[in-house]
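Participant: Sharing structure18.cif below, mmCIF, C-alpha atoms:
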data_coords
loop_
_atom_site.group_PDB
_atom_site.id
_atom_site.type_symbol
_atom_site.label_atom_id
_atom_site.label_comp_id
_atom_site.auth_asym_id
_atom_site.auth_seq_id
_atom_site.Cartn_x
_atom_site.Cartn_y
_atom_site.Cartn_z
ATOM 1 C CA MET A 1 25.983 -56.238 25.814
ATOM 2 C CA ILE A 2 24.499 -53.543 23.633
ATOM 3 C CA ALA A 3 27.918 -51.935 23.233
ATOM 4 C CA SER A 4 29.016 -54.935 21.189
ATOM 5 C CA LEU A 5 26.381 -54.459 18.485
ATOM 6 C CA PRO A 6 27.921 -53.150 15.272
ATOM 7 C CA ALA A 7 27.545 -49.546 14.215
ATOM 8 C CA ALA A 8 25.652 -49.245 10.952
ATOM 9 C CA PHE A 9 25.743 -45.530 10.155
ATOM 10 C CA GLY A 10 28.579 -43.030 10.312
ATOM 11 C CA LEU A 11 28.284 -39.542 11.781
ATOM 12 C CA ARG A 12 30.794 -36.773 11.195
ATOM 13 C CA PRO A 13 31.293 -33.714 13.396
ATOM 14 C CA ILE A 14 30.276 -30.465 11.711
ATOM 15 C CA GLY A 15 31.648 -28.283 14.499
ATOM 16 C CA VAL A 16 32.127 -28.006 18.235
ATOM 17 C CA LEU A 17 30.131 -26.540 21.129
ATOM 18 C CA ARG A 18 31.674 -23.993 23.468
ATOM 19 C CA THR A 19 30.113 -23.867 26.932
ATOM 20 C CA PRO A 20 31.238 -22.701 30.414
ATOM 21 C CA PHE A 21 31.138 -26.317 31.649
ATOM 22 C CA ALA A 22 34.595 -27.935 31.776
ATOM 23 C CA THR A 23 33.576 -31.287 33.263
ATOM 24 C CA ARG A 24 30.433 -33.373 33.482
ATOM 25 C CA GLY A 25 30.178 -32.378 37.122
ATOM 26 C CA ASP A 26 29.959 -28.723 36.105
ATOM 27 C CA CYS A 27 27.004 -29.301 33.761
ATOM 28 C CA PRO A 28 23.539 -28.205 34.907
ATOM 29 C CA ARG A 29 20.705 -30.732 34.820
ATOM 30 C CA ASN A 30 19.350 -28.941 31.790
ATOM 31 C CA GLY A 31 20.218 -25.806 29.897
ATOM 32 C CA ARG A 32 17.435 -23.750 31.425
ATOM 33 C CA GLN A 33 18.340 -24.483 35.024
ATOM 34 C CA ILE A 34 20.808 -21.586 35.310
ATOM 35 C CA ASP A 35 19.022 -18.221 35.248
ATOM 36 C CA PRO A 36 20.096 -16.212 33.341
ATOM 37 C CA ALA A 37 21.357 -18.911 30.995
ATOM 38 C CA PRO A 38 25.012 -18.383 30.065
ATOM 39 C CA GLU A 39 25.887 -17.574 26.472
ATOM 40 C CA CYS A 40 27.427 -20.474 24.562
ATOM 41 C CA LEU A 41 28.809 -20.815 21.054
ATOM 42 C CA ALA A 42 28.202 -23.347 18.327
ATOM 43 C CA GLU A 43 31.320 -23.197 16.171
ATOM 44 C CA VAL A 44 30.807 -24.695 12.723
ATOM 45 C CA PHE A 45 33.807 -25.939 10.746
ATOM 46 C CA ALA A 46 34.608 -23.866 7.653
ATOM 47 C CA ASP A 47 33.600 -26.650 5.236
ATOM 48 C CA PHE A 48 30.021 -26.515 6.523
ATOM 49 C CA VAL A 49 29.521 -22.737 6.861
ATOM 50 C CA PRO A 50 27.647 -22.412 3.539
ATOM 51 C CA GLY A 51 24.919 -24.560 5.102
ATOM 52 C CA LEU A 52 24.201 -21.797 7.644
ATOM 53 C CA ALA A 53 22.688 -19.422 5.084
ATOM 54 C CA ASP A 54 19.100 -18.310 5.814
ATOM 55 C CA LEU A 55 19.270 -18.961 9.576
ATOM 56 C CA GLY A 56 18.453 -15.297 10.196
ATOM 57 C CA GLY A 57 14.984 -14.810 11.664
ATOM 58 C CA PHE A 58 14.825 -18.099 13.533
ATOM 59 C CA SER A 59 14.657 -17.364 17.261
ATOM 60 C CA HIS A 60 15.333 -20.960 18.285
ATOM 61 C CA LEU A 61 17.301 -23.886 16.885
ATOM 62 C CA ILE A 62 17.599 -27.586 17.618
ATOM 63 C CA LEU A 63 21.202 -28.689 18.108
ATOM 64 C CA LEU A 64 22.218 -32.339 17.947
ATOM 65 C CA TYR A 65 25.596 -33.265 19.374
ATOM 66 C CA TRP A 66 27.647 -36.320 20.192
ATOM 67 C CA LEU A 67 28.051 -37.080 23.897
ATOM 68 C CA ASP A 68 31.586 -38.350 23.480
ATOM 69 C CA GLN A 69 32.219 -38.847 27.190
ATOM 70 C CA VAL A 70 29.887 -41.848 27.265
ATOM 71 C CA ARG A 71 31.973 -45.021 27.446
ATOM 72 C CA GLU A 72 29.363 -47.612 28.393
ATOM 73 C CA PRO A 73 25.797 -47.208 27.158
ATOM 74 C CA SER A 74 23.048 -48.720 29.258
ATOM 75 C CA LEU A 75 19.346 -49.478 28.862
ATOM 76 C CA THR A 76 18.525 -48.309 32.367
ATOM 77 C CA MET A 77 19.845 -45.548 34.595
ATOM 78 C CA THR A 78 19.110 -44.082 37.993
ATOM 79 C CA PRO A 79 18.777 -40.289 37.926
ATOM 80 C CA PRO A 80 20.465 -38.755 40.978
ATOM 81 C CA PHE A 81 17.465 -36.453 41.512
ATOM 82 C CA ASP A 82 15.002 -39.344 41.506
ATOM 83 C CA GLY A 83 16.666 -42.443 42.956
ATOM 84 C CA GLN A 84 14.604 -44.961 40.989
ATOM 85 C CA THR A 85 15.955 -46.935 38.050
ATOM 86 C CA ARG A 86 14.356 -45.831 34.783
ATOM 87 C CA GLY A 87 14.383 -47.046 31.188
ATOM 88 C CA VAL A 88 16.951 -44.903 29.393
ATOM 89 C CA PHE A 89 14.498 -43.954 26.611
ATOM 90 C CA ALA A 90 12.278 -42.382 29.287
ATOM 91 C CA THR A 91 15.189 -40.106 30.256
ATOM 92 C CA ARG A 92 17.425 -37.573 28.566
ATOM 93 C CA ALA A 93 20.526 -39.148 30.149
ATOM 94 C CA PRO A 94 23.665 -39.454 27.993
ATOM 95 C CA VAL A 95 24.148 -43.203 28.569
ATOM 96 C CA ARG A 96 21.894 -44.250 25.689
ATOM 97 C CA PRO A 97 22.666 -46.724 22.876
ATOM 98 C CA ASN A 98 23.269 -43.827 20.482
ATOM 99 C CA PRO A 99 24.572 -40.970 22.650
ATOM 100 C CA ILE A 100 23.077 -38.095 20.675
ATOM 101 C CA GLY A 101 22.306 -35.046 22.781
ATOM 102 C CA LEU A 102 19.489 -32.690 21.800
ATOM 103 C CA SER A 103 18.917 -29.128 22.971
ATOM 104 C CA VAL A 104 16.360 -26.559 21.933
ATOM 105 C CA VAL A 105 18.417 -23.358 22.146
ATOM 106 C CA ALA A 106 17.727 -19.660 21.807
ATOM 107 C CA PHE A 107 19.625 -18.311 18.787
ATOM 108 C CA ASP A 108 21.082 -14.840 19.347
ATOM 109 C CA GLY A 109 22.764 -14.379 15.977
ATOM 110 C CA PHE A 110 26.307 -14.823 14.711
ATOM 111 C CA ALA A 111 29.420 -13.845 16.676
ATOM 112 C CA SER A 112 31.260 -14.240 13.357
ATOM 113 C CA PRO A 113 30.556 -16.313 10.234
ATOM 114 C CA GLY A 114 30.346 -19.875 11.448
ATOM 115 C CA ARG A 115 30.029 -19.001 15.148
ATOM 116 C CA LEU A 116 26.450 -19.004 16.480
ATOM 117 C CA ARG A 117 25.577 -17.393 19.789
ATOM 118 C CA VAL A 118 23.165 -19.690 21.616
ATOM 119 C CA ARG A 119 21.685 -20.208 25.083
ATOM 120 C CA TYR A 120 20.370 -23.287 26.962
ATOM 121 C CA LEU A 121 23.168 -25.772 26.321
ATOM 122 C CA ASP A 122 23.993 -28.148 29.171
ATOM 123 C CA CYS A 123 26.883 -30.160 27.707
ATOM 124 C CA ILE A 124 30.599 -29.906 28.396
ATOM 125 C CA ASP A 125 32.880 -27.573 26.511
ATOM 126 C CA GLY A 126 34.240 -29.156 23.339
ATOM 127 C CA THR A 127 31.275 -31.448 22.644
ATOM 128 C CA PRO A 128 31.153 -32.341 18.924
ATOM 129 C CA LEU A 129 28.229 -30.813 17.013
ATOM 130 C CA VAL A 130 26.521 -33.061 14.436
ATOM 131 C CA ASP A 131 23.449 -31.151 13.228
ATOM 132 C CA ILE A 132 21.628 -27.820 13.353
ATOM 133 C CA LYS A 133 17.906 -27.665 12.590
ATOM 134 C CA PRO A 134 15.539 -24.697 12.616
ATOM 135 C CA TYR A 135 13.016 -24.916 15.471
ATOM 136 C CA LEU A 136 9.476 -24.845 14.099
ATOM 137 C CA PRO A 137 6.737 -24.166 16.659
ATOM 138 C CA THR A 138 4.203 -25.561 14.186
ATOM 139 C CA THR A 139 5.654 -29.063 14.518
ATOM 140 C CA ASP A 140 7.997 -28.930 17.537
ATOM 141 C CA ALA A 141 6.063 -27.046 20.246
ATOM 142 C CA GLU A 142 3.697 -29.100 22.382
ATOM 143 C CA PRO A 143 3.386 -26.892 25.461
ATOM 144 C CA ALA A 144 0.607 -29.012 26.972
ATOM 145 C CA ALA A 145 2.537 -32.291 26.708
ATOM 146 C CA SER A 146 2.499 -34.466 29.826
ATOM 147 C CA MET A 147 5.843 -35.492 31.276
ATOM 148 C CA GLY A 148 5.251 -38.889 32.881
ATOM 149 C CA TRP A 149 7.553 -39.653 35.807
ATOM 150 C CA LEU A 150 9.499 -36.452 35.169
ATOM 151 C CA ALA A 151 6.515 -34.200 35.941
ATOM 152 C CA ARG A 152 7.362 -33.874 39.612
ATOM 153 C CA HIS A 153 10.979 -33.018 38.788
ATOM 154 C CA ALA A 154 10.195 -30.180 36.371
ATOM 155 C CA THR A 155 12.598 -27.273 36.757
ATOM 156 C CA ARG A 156 10.348 -24.612 35.278
ATOM 157 C CA SER A 157 6.815 -24.194 34.030
ATOM 158 C CA PRO A 158 6.158 -25.042 30.387
ATOM 159 C CA GLY A 159 6.322 -21.960 28.220
ATOM 160 C CA SER A 160 7.617 -19.728 31.020
ATOM 161 C CA ALA A 161 10.875 -18.816 29.256
ATOM 162 C CA MET B 1 32.905 -32.584 -1.341
ATOM 163 C CA ILE B 2 31.487 -33.019 2.142
ATOM 164 C CA ALA B 3 30.565 -36.633 1.441
ATOM 165 C CA SER B 4 34.268 -37.486 1.387
ATOM 166 C CA LEU B 5 34.904 -36.398 4.972
ATOM 167 C CA PRO B 6 35.426 -39.372 7.272
ATOM 168 C CA ALA B 7 32.767 -40.521 9.701
ATOM 169 C CA ALA B 8 33.907 -40.220 13.297
ATOM 170 C CA PHE B 9 31.061 -41.722 15.300
ATOM 171 C CA GLY B 10 29.042 -44.886 14.776
ATOM 172 C CA LEU B 11 25.270 -45.122 15.105
ATOM 173 C CA ARG B 12 23.355 -48.361 15.421
ATOM 174 C CA PRO B 13 19.674 -48.879 14.614
ATOM 175 C CA ILE B 14 17.560 -49.604 17.679
ATOM 176 C CA GLY B 15 14.442 -50.378 15.665
ATOM 177 C CA VAL B 16 12.457 -49.442 12.593
ATOM 178 C CA LEU B 17 9.598 -47.030 11.828
ATOM 179 C CA ARG B 18 6.406 -48.247 10.215
ATOM 180 C CA THR B 19 4.496 -45.589 8.277
ATOM 181 C CA PRO B 20 1.910 -45.592 5.466
ATOM 182 C CA PHE B 21 4.455 -43.949 3.124
ATOM 183 C CA ALA B 22 6.112 -46.438 0.768
ATOM 184 C CA THR B 23 8.220 -43.973 -1.213
ATOM 185 C CA ARG B 24 9.666 -40.523 -0.694
ATOM 186 C CA GLY B 25 7.036 -39.208 -3.060
ATOM 187 C CA ASP B 26 4.320 -40.492 -0.749
ATOM 188 C CA CYS B 27 5.678 -38.630 2.295
ATOM 189 C CA PRO B 28 3.875 -35.497 3.471
ATOM 190 C CA ARG B 29 5.885 -32.303 3.923
ATOM 191 C CA ASN B 30 5.648 -32.821 7.645
ATOM 192 C CA GLY B 31 3.888 -35.248 9.934
ATOM 193 C CA ARG B 32 1.102 -32.851 10.846
ATOM 194 C CA GLN B 33 0.101 -32.024 7.282
ATOM 195 C CA ILE B 34 -2.343 -34.945 6.998
ATOM 196 C CA ASP B 35 -5.434 -34.435 9.188
ATOM 197 C CA PRO B 36 -6.171 -36.698 10.948
ATOM 198 C CA ALA B 37 -2.576 -37.882 11.166
ATOM 199 C CA PRO B 38 -2.251 -41.593 10.359
ATOM 200 C CA GLU B 39 -1.176 -43.985 13.072
ATOM 201 C CA CYS B 40 2.418 -45.177 12.753
ATOM 202 C CA LEU B 41 4.527 -47.628 14.727
ATOM 203 C CA ALA B 42 7.995 -47.389 16.201
ATOM 204 C CA GLU B 43 9.173 -50.988 16.459
ATOM 205 C CA VAL B 44 12.087 -51.411 18.855
ATOM 206 C CA PHE B 45 14.380 -54.435 18.488
ATOM 207 C CA ALA B 46 14.121 -56.927 21.357
ATOM 208 C CA ASP B 47 17.626 -56.131 22.664
ATOM 209 C CA PHE B 48 16.559 -52.560 23.420
ATOM 210 C CA VAL B 49 13.069 -53.114 24.835
ATOM 211 C CA PRO B 50 14.212 -52.858 28.500
ATOM 212 C CA GLY B 51 15.096 -49.227 27.749
ATOM 213 C CA LEU B 52 11.397 -48.465 27.128
ATOM 214 C CA ALA B 53 10.414 -48.840 30.792
ATOM 215 C CA ASP B 54 8.772 -45.769 32.358
ATOM 216 C CA LEU B 55 7.544 -44.272 29.060
ATOM 217 C CA GLY B 56 3.979 -44.413 30.367
ATOM 218 C CA GLY B 57 2.546 -40.978 31.055
ATOM 219 C CA PHE B 58 4.500 -39.126 28.393
ATOM 220 C CA SER B 59 2.051 -37.779 25.824
ATOM 221 C CA HIS B 60 4.768 -36.891 23.300
ATOM 222 C CA LEU B 61 8.168 -38.263 22.339
ATOM 223 C CA ILE B 62 11.079 -37.139 20.199
ATOM 224 C CA LEU B 63 12.122 -39.755 17.664
ATOM 225 C CA LEU B 64 15.482 -39.612 15.899
ATOM 226 C CA TYR B 65 15.917 -41.722 12.793
ATOM 227 C CA TRP B 66 18.382 -42.275 10.000
ATOM 228 C CA LEU B 67 17.298 -40.986 6.593
ATOM 229 C CA ASP B 68 18.915 -43.843 4.746
ATOM 230 C CA GLN B 69 17.622 -42.834 1.334
ATOM 231 C CA VAL B 70 19.986 -39.864 1.215
ATOM 232 C CA ARG B 71 22.821 -40.645 -1.152
ATOM 233 C CA GLU B 72 24.439 -37.256 -1.631
ATOM 234 C CA PRO B 73 24.374 -34.746 1.212
ATOM 235 C CA SER B 74 24.447 -31.078 0.293
ATOM 236 C CA LEU B 75 24.974 -27.776 2.087
ATOM 237 C CA THR B 76 22.201 -26.064 0.162
ATOM 238 C CA MET B 77 18.856 -27.177 -1.171
ATOM 239 C CA THR B 78 15.873 -25.690 -2.940
ATOM 240 C CA PRO B 79 12.557 -26.544 -1.290
ATOM 241 C CA PRO B 80 9.905 -27.306 -3.916
ATOM 242 C CA PHE B 81 7.376 -25.194 -2.014
ATOM 243 C CA ASP B 82 9.699 -22.165 -1.950
ATOM 244 C CA GLY B 83 11.857 -22.138 -5.073
ATOM 245 C CA GLN B 84 14.805 -20.332 -3.473
ATOM 246 C CA THR B 85 18.062 -22.039 -2.562
ATOM 247 C CA ARG B 86 18.513 -22.232 1.206
ATOM 248 C CA GLY B 87 21.290 -23.269 3.567
ATOM 249 C CA VAL B 88 20.515 -26.846 4.559
ATOM 250 C CA PHE B 89 20.800 -26.057 8.301
ATOM 251 C CA ALA B 90 17.940 -23.564 7.868
ATOM 252 C CA THR B 91 15.750 -26.416 6.581
ATOM 253 C CA ARG B 92 14.545 -29.799 7.807
ATOM 254 C CA ALA B 93 15.446 -31.406 4.473
ATOM 255 C CA PRO B 94 17.033 -34.882 4.544
ATOM 256 C CA VAL B 95 20.063 -33.962 2.415
ATOM 257 C CA ARG B 96 22.143 -32.796 5.390
ATOM 258 C CA PRO B 97 25.730 -33.792 6.270
ATOM 259 C CA ASN B 98 24.400 -36.123 8.991
ATOM 260 C CA PRO B 99 20.978 -37.281 7.746
ATOM 261 C CA ILE B 100 19.290 -37.587 11.130
ATOM 262 C CA GLY B 101 15.555 -37.006 11.005
ATOM 263 C CA LEU B 102 13.694 -35.648 14.032
ATOM 264 C CA SER B 103 9.974 -35.759 14.749
ATOM 265 C CA VAL B 104 7.994 -34.697 17.775
ATOM 266 C CA VAL B 105 5.291 -37.369 17.859
ATOM 267 C CA ALA B 106 2.159 -38.016 19.881
ATOM 268 C CA PHE B 107 2.588 -41.233 21.871
ATOM 269 C CA ASP B 108 -0.576 -43.344 22.068
ATOM 270 C CA GLY B 109 0.793 -46.240 24.116
ATOM 271 C CA PHE B 110 2.090 -49.680 23.224
ATOM 272 C CA ALA B 111 0.569 -51.944 20.567
ATOM 273 C CA SER B 112 2.682 -54.699 22.161
ATOM 274 C CA PRO B 113 5.908 -54.657 24.168
ATOM 275 C CA GLY B 114 8.444 -52.929 21.925
ATOM 276 C CA ARG B 115 5.869 -51.489 19.498
ATOM 277 C CA LEU B 116 4.935 -47.856 20.153
ATOM 278 C CA ARG B 117 1.847 -46.315 18.583
ATOM 279 C CA VAL B 118 2.766 -42.808 17.410
ATOM 280 C CA ARG B 119 1.414 -40.058 15.182
ATOM 281 C CA TYR B 120 3.091 -37.261 13.141
ATOM 282 C CA LEU B 121 5.823 -39.209 11.354
ATOM 283 C CA ASP B 122 6.617 -38.092 7.812
ATOM 284 C CA CYS B 123 9.324 -40.589 6.797
ATOM 285 C CA ILE B 124 9.093 -43.647 4.595
ATOM 286 C CA ASP B 125 8.167 -47.060 5.884
ATOM 287 C CA GLY B 126 11.197 -48.996 7.118
ATOM 288 C CA THR B 127 13.266 -45.985 8.204
ATOM 289 C CA PRO B 128 15.815 -47.034 10.862
ATOM 290 C CA LEU B 129 15.130 -45.672 14.346
ATOM 291 C CA VAL B 130 18.183 -44.499 16.327
ATOM 292 C CA ASP B 131 16.818 -42.846 19.491
ATOM 293 C CA ILE B 132 13.678 -42.201 21.549
ATOM 294 C CA LYS B 133 13.585 -39.311 24.001
ATOM 295 C CA PRO B 134 10.759 -38.126 26.242
ATOM 296 C CA TYR B 135 9.358 -34.761 25.112
ATOM 297 C CA LEU B 136 9.643 -32.220 27.914
ATOM 298 C CA PRO B 137 7.577 -29.048 27.459
ATOM 299 C CA THR B 138 9.754 -27.361 30.087
ATOM 300 C CA THR B 139 12.775 -27.451 27.773
ATOM 301 C CA ASP B 140 11.423 -28.379 24.335
ATOM 302 C CA ALA B 141 8.306 -26.225 23.857
ATOM 303 C CA GLU B 142 8.868 -22.720 22.523
ATOM 304 C CA PRO B 143 5.438 -21.923 21.076
ATOM 305 C CA ALA B 144 6.325 -18.286 20.401
ATOM 306 C CA ALA B 145 9.485 -19.085 18.426
ATOM 307 C CA SER B 146 9.887 -17.206 15.152
ATOM 308 C CA MET B 147 10.380 -19.261 12.020
ATOM 309 C CA GLY B 148 12.535 -17.107 9.731
ATOM 310 C CA TRP B 149 12.020 -17.751 6.023
ATOM 311 C CA LEU B 150 9.698 -20.664 6.817
ATOM 312 C CA ALA B 151 7.085 -18.448 8.504
ATOM 313 C CA ARG B 152 5.141 -17.859 5.314
ATOM 314 C CA HIS B 153 5.095 -21.587 4.561
ATOM 315 C CA ALA B 154 3.677 -22.684 7.925
ATOM 316 C CA THR B 155 1.168 -25.498 7.582
ATOM 317 C CA ARG B 156 -0.652 -24.914 10.853
ATOM 318 C CA SER B 157 -0.716 -22.415 13.671
ATOM 319 C CA PRO B 158 1.734 -22.948 16.534
ATOM 320 C CA GLY B 159 0.113 -24.845 19.364
ATOM 321 C CA SER B 160 -3.052 -25.554 17.405
ATOM 322 C CA ALA B 161 -2.692 -29.362 17.588
#
Would you kindly transcribe this structure into structure tokens?
Facilitator:
Amino acid sequence: MIASLPAAFGLRPIGVLRTPFATRGDCPRNGRQIDPAPECLAEVFADFVPGLADLGGFSHLILLYWLDQVREPSLTMTPPFDGQTRGVFATRAPVRPNPIGLSVVAFDGFASPGRLRVRYLDCIDGTPLVDIKPYLPTTDAEPAASMGWLARHATRSPGSA
Amino acid sequence: MIASLPAAFGLRPIGVLRTPFATRGDCPRNGRQIDPAPECLAEVFADFVPGLADLGGFSHLILLYWLDQVREPSLTMTPPFDGQTRGVFATRAPVRPNPIGLSVVAFDGFASPGRLRVRYLDCIDGTPLVDIKPYLPTTDAEPAASMGWLARHATRSPGSA
């Protein structure tokens, strides 16, 4: 049903994510589940490289990407680790009306101009990148936030990285 | 130049944000600048309301929205509070290739089914909402993150909310 609603806004890829995960089955539940987290790359297309200026000094970034393997969005989903059907907006599952993935990643500098070394991605290799934002602890860090139904499934303690 | 690149992915609005800010000039620099932060609403269209199940118990959410006032994206911008030209991916400015706004908001429950009471939005009234994600401190909170060039412009201490 929701898949038939018209798209109103157009997104363009600005690059591609390189991860060790070839298929959805290879992906960890989240990017901090594997310890130590494998190094990944965010490769930005040449046209957009001037936008990367001044990223030096940020230890963390927010990456937004397009989960292009999603064929059929849904308003509910049943997480395999939980077994109960949940509203999709109360999950981070890919099968959402707008399949935008979001990861807070550690930024380890540039492998070359346009290629960012990052950790904590959980998406498959080749996922299209749509935005890079600086992570700002002043507005983005809420270490005491409560996690609703996900609290008992937490994979690490808040702030333990 | 970049505005002429084709859009590859389609986004659909799932609702609309209600804020006290009628124009871009009314918007604060970020949603935590006004103290106390005004109450805002995230109004979700009826078709998508079933996706809101199980949001109870999450104290914070991540809202993604479409900054539909942006007419001309740019790879660099000059923040008024800084005066130096910066790469747009090192800023949270709206004039980015894909103008997706992101706010970590406090979630104060439902005003009615489909209407979420939230705080810390900084966008204009009527901004289209495109996604709601639960905020997970285990993967989203990095209170010790360093802020690069923005460090000297911080508007509050990390974690002080």
Participant: List as an MDAnalysis selection string the protein and nucleic acid residues near Ala46 of chain B, meaning an atom at most 9 Å away when all atoms listed in the file are counted, but skip any in the same chain fewer than 3 places from it.
Facilitator: chainID B and resid 14:15 49:50 113:114
Participant: Once the PyMOL selection byres ((chain A) within 6 of (chain B)) has been evaluated on this model, what residues remain selected, and can you format them as an mmCIF file with C-alpha atoms, in the coordinates of the input?
Facilitator:
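After the write, out35.cif holds the following:
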data_model
loop_
_atom_site.group_PDB
_atom_site.id
_atom_site.type_symbol
_atom_site.label_atom_id
_atom_site.label_comp_id
_atom_site.auth_asym_id
_atom_site.auth_seq_id
_atom_site.Cartn_x
_atom_site.Cartn_y
_atom_site.Cartn_z
ATOM 1 C CA ALA A 7 27.545 -49.546 14.215
ATOM 2 C CA ALA A 8 25.652 -49.245 10.952
ATOM 3 C CA PHE A 9 25.743 -45.530 10.155
ATOM 4 C CA GLY A 10 28.579 -43.030 10.312
ATOM 5 C CA LEU A 11 28.284 -39.542 11.781
ATOM 6 C CA ARG A 12 30.794 -36.773 11.195
ATOM 7 C CA GLY A 51 24.919 -24.560 5.102
ATOM 8 C CA LEU A 52 24.201 -21.797 7.644
ATOM 9 C CA ALA A 53 22.688 -19.422 5.084
ATOM 10 C CA ASP A 54 19.100 -18.310 5.814
ATOM 11 C CA LEU A 55 19.270 -18.961 9.576
ATOM 12 C CA GLY A 57 14.984 -14.810 11.664
ATOM 13 C CA PHE A 58 14.825 -18.099 13.533
ATOM 14 C CA SER A 59 14.657 -17.364 17.261
ATOM 15 C CA LEU A 75 19.346 -49.478 28.862
ATOM 16 C CA THR A 76 18.525 -48.309 32.367
ATOM 17 C CA GLY A 87 14.383 -47.046 31.188
ATOM 18 C CA VAL A 88 16.951 -44.903 29.393
ATOM 19 C CA PHE A 89 14.498 -43.954 26.611
ATOM 20 C CA ALA A 90 12.278 -42.382 29.287
ATOM 21 C CA ASN A 98 23.269 -43.827 20.482
ATOM 22 C CA VAL A 104 16.360 -26.559 21.933
ATOM 23 C CA ILE A 132 21.628 -27.820 13.353
ATOM 24 C CA LYS A 133 17.906 -27.665 12.590
ATOM 25 C CA PRO A 134 15.539 -24.697 12.616
ATOM 26 C CA PRO A 137 6.737 -24.166 16.659
ATOM 27 C CA THR A 138 4.203 -25.561 14.186
ATOM 28 C CA ASP A 140 7.997 -28.930 17.537
ATOM 29 C CA ALA A 141 6.063 -27.046 20.246
ATOM 30 C CA GLU A 142 3.697 -29.100 22.382
ATOM 31 C CA PRO A 143 3.386 -26.892 25.461
ATOM 32 C CA ALA A 145 2.537 -32.291 26.708
ATOM 33 C CA SER A 146 2.499 -34.466 29.826
ATOM 34 C CA MET A 147 5.843 -35.492 31.276
ATOM 35 C CA GLY A 148 5.251 -38.889 32.881
ATOM 36 C CA ARG A 156 10.348 -24.612 35.278
ATOM 37 C CA SER A 157 6.815 -24.194 34.030
ATOM 38 C CA PRO A 158 6.158 -25.042 30.387
#
Participant: What is the atom CA of Asp26 of chain B to atom CA of Leu63 of chain A distance in Å?
Facilitator: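 Straight-line distance from atom CA of Asp26 of chain B to atom CA of Leu63 of chain A works out to 27.9 Å.
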Participant: Using all atoms listed in the file, which residues sit within 12 Å of Gly25 of chain B once same-chain residues fewer than 6 positions away are excluded, as a list of chain:residue names?
Facilitator: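 Using all atoms listed in the file, the neighbours found are B:Asp122, B:Cys123, B:Ile124, B:Asp125.
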Participant: Give the centre and edge lengths of an axis-aligned box, in Å to one decimal, that holds all listed atoms of segment 97-114 of chain A with 8 Å on each side, as JSON.
Facilitator:
{"center_x": 23.8, "center_y": -30.3, "center_z": 16.6, "size_x": 30.9, "size_y": 48.9, "size_z": 28.7}
Participant: What is the distance between atom CA of Thr127 of chain A and atom CA of Leu67 of chain B, in Å to one decimal?
Facilitator: 23.3 Å
Participant: Please, what distance in Å, to one decimal, runs between atom CA of Ala22 of chain A and atom CA of Phe81 of chain A?
Facilitator: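 Between these atoms lies a distance of 21.5 Å.
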Participant: Which neighbours of Arg115 of chain B fall inside 10 Å, counting only C-alpha atoms, when residues of the same chain fewer than 6 positions from it are skipped, and could you give them as a PyMOL selection string?
Facilitator: chain B and resi 15-18+40-45+49+52+109
Participant: Ranking A:Ala37, A:Leu129, A:Val95, A:Val70 by minimum distance to Leu116 of chain A and counting all atoms listed in the file, which one comes first?
Facilitator: A:Leu129
Participant: I need the residue nearest Val118 of chain B from this list: B:Pro20, B:Pro38, B:Pro79, B:Pro28. Use all atoms listed in the file for the distance.
Facilitator: B:Pro38
Participant: Quick one: of B:Gly83, B:Arg152, B:Ser112, B:Pro94, who's nearest to Arg24 of chain B, counting all atoms listed in the file?
Facilitator: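 When distances to Arg24 of chain B are compared using all atoms listed in the file, the smallest one comes from B:Pro94.
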